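One structure is given here, and the rest of the page talks about it.
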Amino acid sequence: MVRKIGIIGMGNVGSTLAHGLIAEGVADHYVLIDPKVEKVRADQIDFQDAMANHSSFAKLTINDYSALADADVVVSALGNISLQHNAGEDRFAEFALMQEQVPQVAVSLKDSGFSGVLVVISNPVDAVSALYQALTGFPRERVIGTGTLLDTACMKRVVSERLGVNPKSVSGYNLGEHGNSQFTAWSQVSVKGQPISDFFSKDELEEMSFASMKGGHTVFYGKGYTSYGIATTVIRIVKAILSDAEEELVISSFQEAFGTYVGYPALVGRSGKVGHVQLNLTEDEKVKLQASANLIKERVEAALSKI
C-alpha cells in the first residue's frame, strides 16, 4: 500500500519536515503545496537530487490539491514566523493571518476528497485546529494538532540539563495551550521513576516550567525561526498514525470536558485520535487547564463568528 503525505506550507518548518520524512523513508509519495511556486519547485528539485543518496525513494508532486484525495495524512504548516516577534511573545499573533488562510485551505481540502488525518502545526495550533475542524466538517478525531508535545520535550530537556540525565529518562507533560497559558503538570513528572518533587523545590519547578514554555522563543530569537524540534514532533505523530500505533502523545485534540481543542494526552493511531487518556491532576492543575481551555475556546468562537 502506497503511503502518501501532504504538506501545505513549505516555509522553514514545512521544508524541514519534508526533509526529515523523506530522509527517514516514512512515505512513498509526498504532495508539497505552497503559493510561492518557484520556492516549492526548487524544494522538489532539491529533494529529487537527494534521492540518489537516500536508502529509499519517494514520488514528489507539487501544488496539486487533487493529489491529496488518497493521502493518509496532510500537515498544515501555514504561518508567518516573523509575527512571533511581538511584545507579549503571544502565539495568537498569527491568528488573524490564519483566519484569512485557513478557510481557503479548508475549501480546497474538502474539494480534493481528502479523508485522512489532518495534523496542524500552524499557530496558534489549538485554535487553528478548531478552525479547520469547524470549516471542513471533518470528524473531530481526524483533525489534531501538535499541541504541547514540543513543549513537553522542552520541559524534559530543561529537567535533564539540571540533573545531568538523558531527557528520555524524564516522563510527564506540559498541558493546555501551546502558548503562554500552558503549564507543566508537575504531579505527572518523574525522573527514572522518582517524583520530580524529590529533586526540586516549588520555586525551582516554577522556574523550569517557565523555561520550557519559552524554549521555542529562545530558538526563534537565536536564529529567526524554529524548525528541527517541531518537525521532529510532527514526524513522531505521523509515524504513530501510519503505523496505527495507538501511542500516547500530548497533542491538541477536541476535549469534550472543555468543549474545545487543547493540549492533553490522547492515543494516536490510524484514524487520528483513537482513544482518551485520563490524568489524575491536582486541583491547582485542573484550574490552570480549565483557564487555558477557556482562553482558546473564547478566541475560536470570536473568530468563527466573523468567518
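Each chain in the C-alpha cells gets a letter, A, B and so on, in the order shown; residues start at 1 in every chain, and ligands are counted from 1 in the order they appear.
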DSSP on the backbone: what in segment 159-278 of chain A comes out strand (DSSP E or B), as a VMD selection string? chain A and resid 170 to 171 174 to 176 183 to 184 190 to 191 194 to 195 247 to 255 260 to 269 272 to 276
Could you write out that same residue set with N, CA and C atoms as a CSV table (one decimal), in the first residue's frame?
chain,number,residue,atom,x,y,z
A,170,VAL,N,13.1,11.3,31.6
A,170,VAL,CA,12.1,12.2,32.2
A,170,VAL,C,10.7,11.9,31.6
A,171,SER,N,9.7,11.7,32.4
A,171,SER,CA,8.4,11.5,31.9
A,171,SER,C,7.5,12.6,32.4
A,174,ASN,N,3.6,18.9,29.6
A,174,ASN,CA,3.1,20.3,29.6
A,174,ASN,C,1.7,20.2,29.0
A,175,LEU,N,0.8,20.9,29.6
A,175,LEU,CA,-0.6,20.8,29.2
A,175,LEU,C,-1.2,22.2,28.9
A,176,GLY,N,-2.3,22.2,28.2
A,176,GLY,CA,-3.0,23.4,27.8
A,176,GLY,C,-2.7,24.0,26.5
A,183,PHE,N,1.1,25.1,31.1
A,183,PHE,CA,1.8,24.8,32.3
A,183,PHE,C,2.4,23.4,32.3
A,184,THR,N,3.4,23.2,33.2
A,184,THR,CA,3.9,21.8,33.4
A,184,THR,C,3.1,21.2,34.5
A,190,SER,N,8.1,12.6,36.4
A,190,SER,CA,9.1,11.8,37.2
A,190,SER,C,10.4,11.6,36.4
A,191,VAL,N,11.4,11.3,37.2
A,191,VAL,CA,12.8,11.1,36.6
A,191,VAL,C,13.2,9.7,37.0
A,194,GLN,N,11.2,8.3,39.8
A,194,GLN,CA,11.1,9.1,41.1
A,194,GLN,C,10.3,10.4,40.8
A,195,PRO,N,9.4,10.8,41.7
A,195,PRO,CA,8.7,12.0,41.6
A,195,PRO,C,9.6,13.2,41.4
A,247,GLU,N,-0.4,5.3,20.2
A,247,GLU,CA,0.6,5.8,21.1
A,247,GLU,C,0.1,7.0,21.9
A,248,GLU,N,0.4,7.0,23.1
A,248,GLU,CA,0.0,8.2,24.0
A,248,GLU,C,0.9,9.4,23.7
A,249,LEU,N,0.3,10.4,23.2
A,249,LEU,CA,1.0,11.7,22.8
A,249,LEU,C,0.2,12.9,23.3
A,250,VAL,N,0.9,13.9,23.8
A,250,VAL,CA,0.2,15.1,24.3
A,250,VAL,C,0.0,16.0,23.2
A,251,ILE,N,-1.1,15.8,22.4
A,251,ILE,CA,-1.4,16.5,21.2
A,251,ILE,C,-2.6,17.5,21.5
A,252,SER,N,-2.9,18.3,20.5
A,252,SER,CA,-4.1,19.2,20.6
A,252,SER,C,-5.2,18.4,20.0
A,253,SER,N,-6.2,18.1,20.8
A,253,SER,CA,-7.4,17.4,20.2
A,253,SER,C,-8.6,17.9,20.9
A,254,PHE,N,-9.8,17.6,20.4
A,254,PHE,CA,-11.0,18.1,21.0
A,254,PHE,C,-11.3,17.4,22.3
A,255,GLN,N,-11.4,18.1,23.3
A,255,GLN,CA,-11.7,17.6,24.7
A,255,GLN,C,-13.1,17.9,25.1
A,260,THR,N,-13.5,22.3,23.6
A,260,THR,CA,-12.5,22.9,22.7
A,260,THR,C,-11.3,22.0,22.5
A,261,TYR,N,-10.4,22.4,21.5
A,261,TYR,CA,-9.1,21.8,21.4
A,261,TYR,C,-8.2,22.3,22.4
A,262,VAL,N,-7.4,21.4,23.0
A,262,VAL,CA,-6.4,21.8,24.0
A,262,VAL,C,-5.3,20.7,24.1
A,263,GLY,N,-4.1,21.1,24.5
A,263,GLY,CA,-3.1,20.1,24.6
A,263,GLY,C,-3.3,19.2,25.8
A,264,TYR,N,-3.4,17.9,25.5
A,264,TYR,CA,-3.7,16.9,26.6
A,264,TYR,C,-3.4,15.6,26.0
A,265,PRO,N,-3.0,14.6,26.8
A,265,PRO,CA,-2.6,13.3,26.2
A,265,PRO,C,-3.8,12.6,25.6
A,266,ALA,N,-3.5,11.9,24.5
A,266,ALA,CA,-4.5,11.1,23.8
A,266,ALA,C,-3.8,10.0,23.1
A,267,LEU,N,-4.5,9.0,22.7
A,267,LEU,CA,-4.0,7.9,21.9
A,267,LEU,C,-4.1,8.2,20.5
A,268,VAL,N,-2.9,8.1,19.7
A,268,VAL,CA,-2.9,8.4,18.3
A,268,VAL,C,-2.7,7.2,17.5
A,269,GLY,N,-3.5,7.0,16.5
A,269,GLY,CA,-3.4,5.9,15.6
A,269,GLY,C,-3.9,6.2,14.2
A,272,GLY,N,-6.3,9.0,13.6
A,272,GLY,CA,-6.1,10.3,14.3
A,272,GLY,C,-6.1,10.0,15.8
A,273,LYS,N,-7.0,10.7,16.5
A,273,LYS,CA,-7.2,10.5,17.9
A,273,LYS,C,-8.1,9.2,18.1
A,274,VAL,N,-7.5,8.1,18.6
A,274,VAL,CA,-8.2,6.9,18.7
A,274,VAL,C,-8.6,6.5,20.1
A,275,GLY,N,-8.2,7.3,21.1
A,275,GLY,CA,-8.5,6.9,22.4
A,275,GLY,C,-8.3,8.1,23.4
A,276,HIS,N,-8.9,8.0,24.5
A,276,HIS,CA,-8.7,9.1,25.6
A,276,HIS,C,-7.8,8.6,26.7
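With only C-alpha atoms taken into account, the protein and nucleic acid residues at most 8 Å from Val13 of chain A (excluding it and anything under 3 positions from it in its own chain) are Met10, Thr16, Leu17, Ala77, Thr226, Ser227, Tyr228, Ile230 and Ala231 of chain A.
By only C-alpha atoms, and with residues fewer than 2 positions from Glu301 of chain A along its chain excluded, the set lying at most 10 Å from it is A:Ala127, A:Ala130, A:Leu131, A:Thr260, A:Ile296, A:Lys297, A:Glu298, A:Arg299, A:Ala303, A:Leu304, A:Ser305, A:Lys306.
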Export N, CA, C and O atoms of the chosen residues as an mmCIF file, in the first residue's frame?
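Okay, selection-v8.cif is ready:
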data_model
loop_
_atom_site.group_PDB
_atom_site.id
_atom_site.type_symbol
_atom_site.label_atom_id
_atom_site.label_comp_id
_atom_site.auth_asym_id
_atom_site.auth_seq_id
_atom_site.Cartn_x
_atom_site.Cartn_y
_atom_site.Cartn_z
ATOM 1 N N ALA A 127 -6.220 26.716 18.463
ATOM 2 C CA ALA A 127 -7.294 27.476 17.829
ATOM 3 C C ALA A 127 -7.386 27.170 16.340
ATOM 4 O O ALA A 127 -8.484 27.066 15.779
ATOM 5 N N ALA A 130 -9.063 23.885 15.769
ATOM 6 C CA ALA A 130 -10.509 24.041 15.932
ATOM 7 C C ALA A 130 -11.133 24.690 14.697
ATOM 8 O O ALA A 130 -12.223 24.287 14.259
ATOM 9 N N LEU A 131 -10.459 25.684 14.131
ATOM 10 C CA LEU A 131 -10.960 26.333 12.916
ATOM 11 C C LEU A 131 -11.064 25.336 11.776
ATOM 12 O O LEU A 131 -12.077 25.275 11.058
ATOM 13 N N THR A 260 -13.459 22.271 23.573
ATOM 14 C CA THR A 260 -12.522 22.911 22.655
ATOM 15 C C THR A 260 -11.294 22.032 22.470
ATOM 16 O O THR A 260 -11.124 21.017 23.145
ATOM 17 N N ILE A 296 -8.681 29.519 24.820
ATOM 18 C CA ILE A 296 -8.718 29.005 23.448
ATOM 19 C C ILE A 296 -10.143 29.042 22.900
ATOM 20 O O ILE A 296 -10.384 29.516 21.779
ATOM 21 N N LYS A 297 -11.075 28.549 23.683
ATOM 22 C CA LYS A 297 -12.471 28.480 23.245
ATOM 23 C C LYS A 297 -13.025 29.863 22.920
ATOM 24 O O LYS A 297 -13.708 30.045 21.890
ATOM 25 N N GLU A 298 -12.737 30.844 23.753
ATOM 26 C CA GLU A 298 -13.224 32.209 23.529
ATOM 27 C C GLU A 298 -12.672 32.785 22.235
ATOM 28 O O GLU A 298 -13.400 33.424 21.457
ATOM 29 N N ARG A 299 -11.378 32.563 21.981
ATOM 30 C CA ARG A 299 -10.767 33.099 20.761
ATOM 31 C C ARG A 299 -11.343 32.419 19.504
ATOM 32 O O ARG A 299 -11.561 33.073 18.484
ATOM 33 N N ALA A 303 -13.536 34.137 16.461
ATOM 34 C CA ALA A 303 -13.053 34.033 15.081
ATOM 35 C C ALA A 303 -14.134 33.462 14.169
ATOM 36 O O ALA A 303 -14.377 33.982 13.063
ATOM 37 N N LEU A 304 -14.785 32.403 14.612
ATOM 38 C CA LEU A 304 -15.817 31.759 13.771
ATOM 39 C C LEU A 304 -17.014 32.677 13.539
ATOM 40 O O LEU A 304 -17.670 32.598 12.494
ATOM 41 N N SER A 305 -17.273 33.556 14.487
ATOM 42 C CA SER A 305 -18.409 34.481 14.320
ATOM 43 C C SER A 305 -18.153 35.501 13.220
ATOM 44 O O SER A 305 -19.089 36.115 12.718
ATOM 45 N N LYS A 306 -16.884 35.658 12.843
ATOM 46 C CA LYS A 306 -16.521 36.643 11.813
ATOM 47 C C LYS A 306 -16.292 36.011 10.427
ATOM 48 O O LYS A 306 -16.136 36.718 9.447
#
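The closest residue to Glu283 of chain A, picked from A:Val74, A:Ile307, A:Leu295, A:Ala185 and counting only C-alpha atoms, is A:Ala185.
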Quick one: everything within 12 Å of Ala42 of chain A, counting only C-alpha atoms, minus sequence neighbours fewer than 4 positions away in the same chain. Send it as a CSV table (one decimal) with N, CA and C atoms, in the first residue's frame.
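Output file result31.csv is given in full below:
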chain,number,residue,atom,x,y,z
A,10,MET,N,5.4,25.4,2.7
A,10,MET,CA,6.7,25.0,2.6
A,10,MET,C,7.8,26.0,3.0
A,15,SER,N,9.5,22.7,5.0
A,15,SER,CA,10.6,22.1,4.3
A,15,SER,C,11.4,21.2,5.1
A,32,LEU,N,3.5,18.5,-2.0
A,32,LEU,CA,4.0,19.7,-1.4
A,32,LEU,C,3.3,20.9,-2.0
A,34,ASP,N,2.5,25.1,-1.8
A,34,ASP,CA,2.8,26.4,-1.3
A,34,ASP,C,2.5,27.5,-2.4
A,36,LYS,N,4.2,30.1,-3.1
A,36,LYS,CA,5.4,30.5,-3.7
A,36,LYS,C,5.9,29.4,-4.7
A,37,VAL,N,5.5,29.5,-5.9
A,37,VAL,CA,5.7,28.4,-6.8
A,37,VAL,C,7.2,28.1,-7.1
A,38,GLU,N,7.9,29.1,-7.2
A,38,GLU,CA,9.4,28.9,-7.5
A,38,GLU,C,10.1,28.2,-6.3
A,46,ASP,N,15.4,19.9,-5.3
A,46,ASP,CA,16.5,19.7,-4.3
A,46,ASP,C,16.3,18.3,-3.7
A,47,PHE,N,15.0,17.9,-3.3
A,47,PHE,CA,14.7,16.6,-2.8
A,47,PHE,C,15.0,15.5,-3.8
A,48,GLN,N,14.6,15.8,-5.0
A,48,GLN,CA,14.9,14.8,-6.1
A,48,GLN,C,16.4,14.5,-6.3
A,49,ASP,N,17.2,15.6,-6.2
A,49,ASP,CA,18.6,15.4,-6.3
A,49,ASP,C,19.2,14.6,-5.2
A,60,LEU,N,7.3,12.8,-5.7
A,60,LEU,CA,7.0,14.1,-5.3
A,60,LEU,C,6.1,14.8,-6.3
A,62,ILE,N,3.8,18.6,-6.7
A,62,ILE,CA,3.7,19.9,-6.1
A,62,ILE,C,2.4,20.6,-6.6
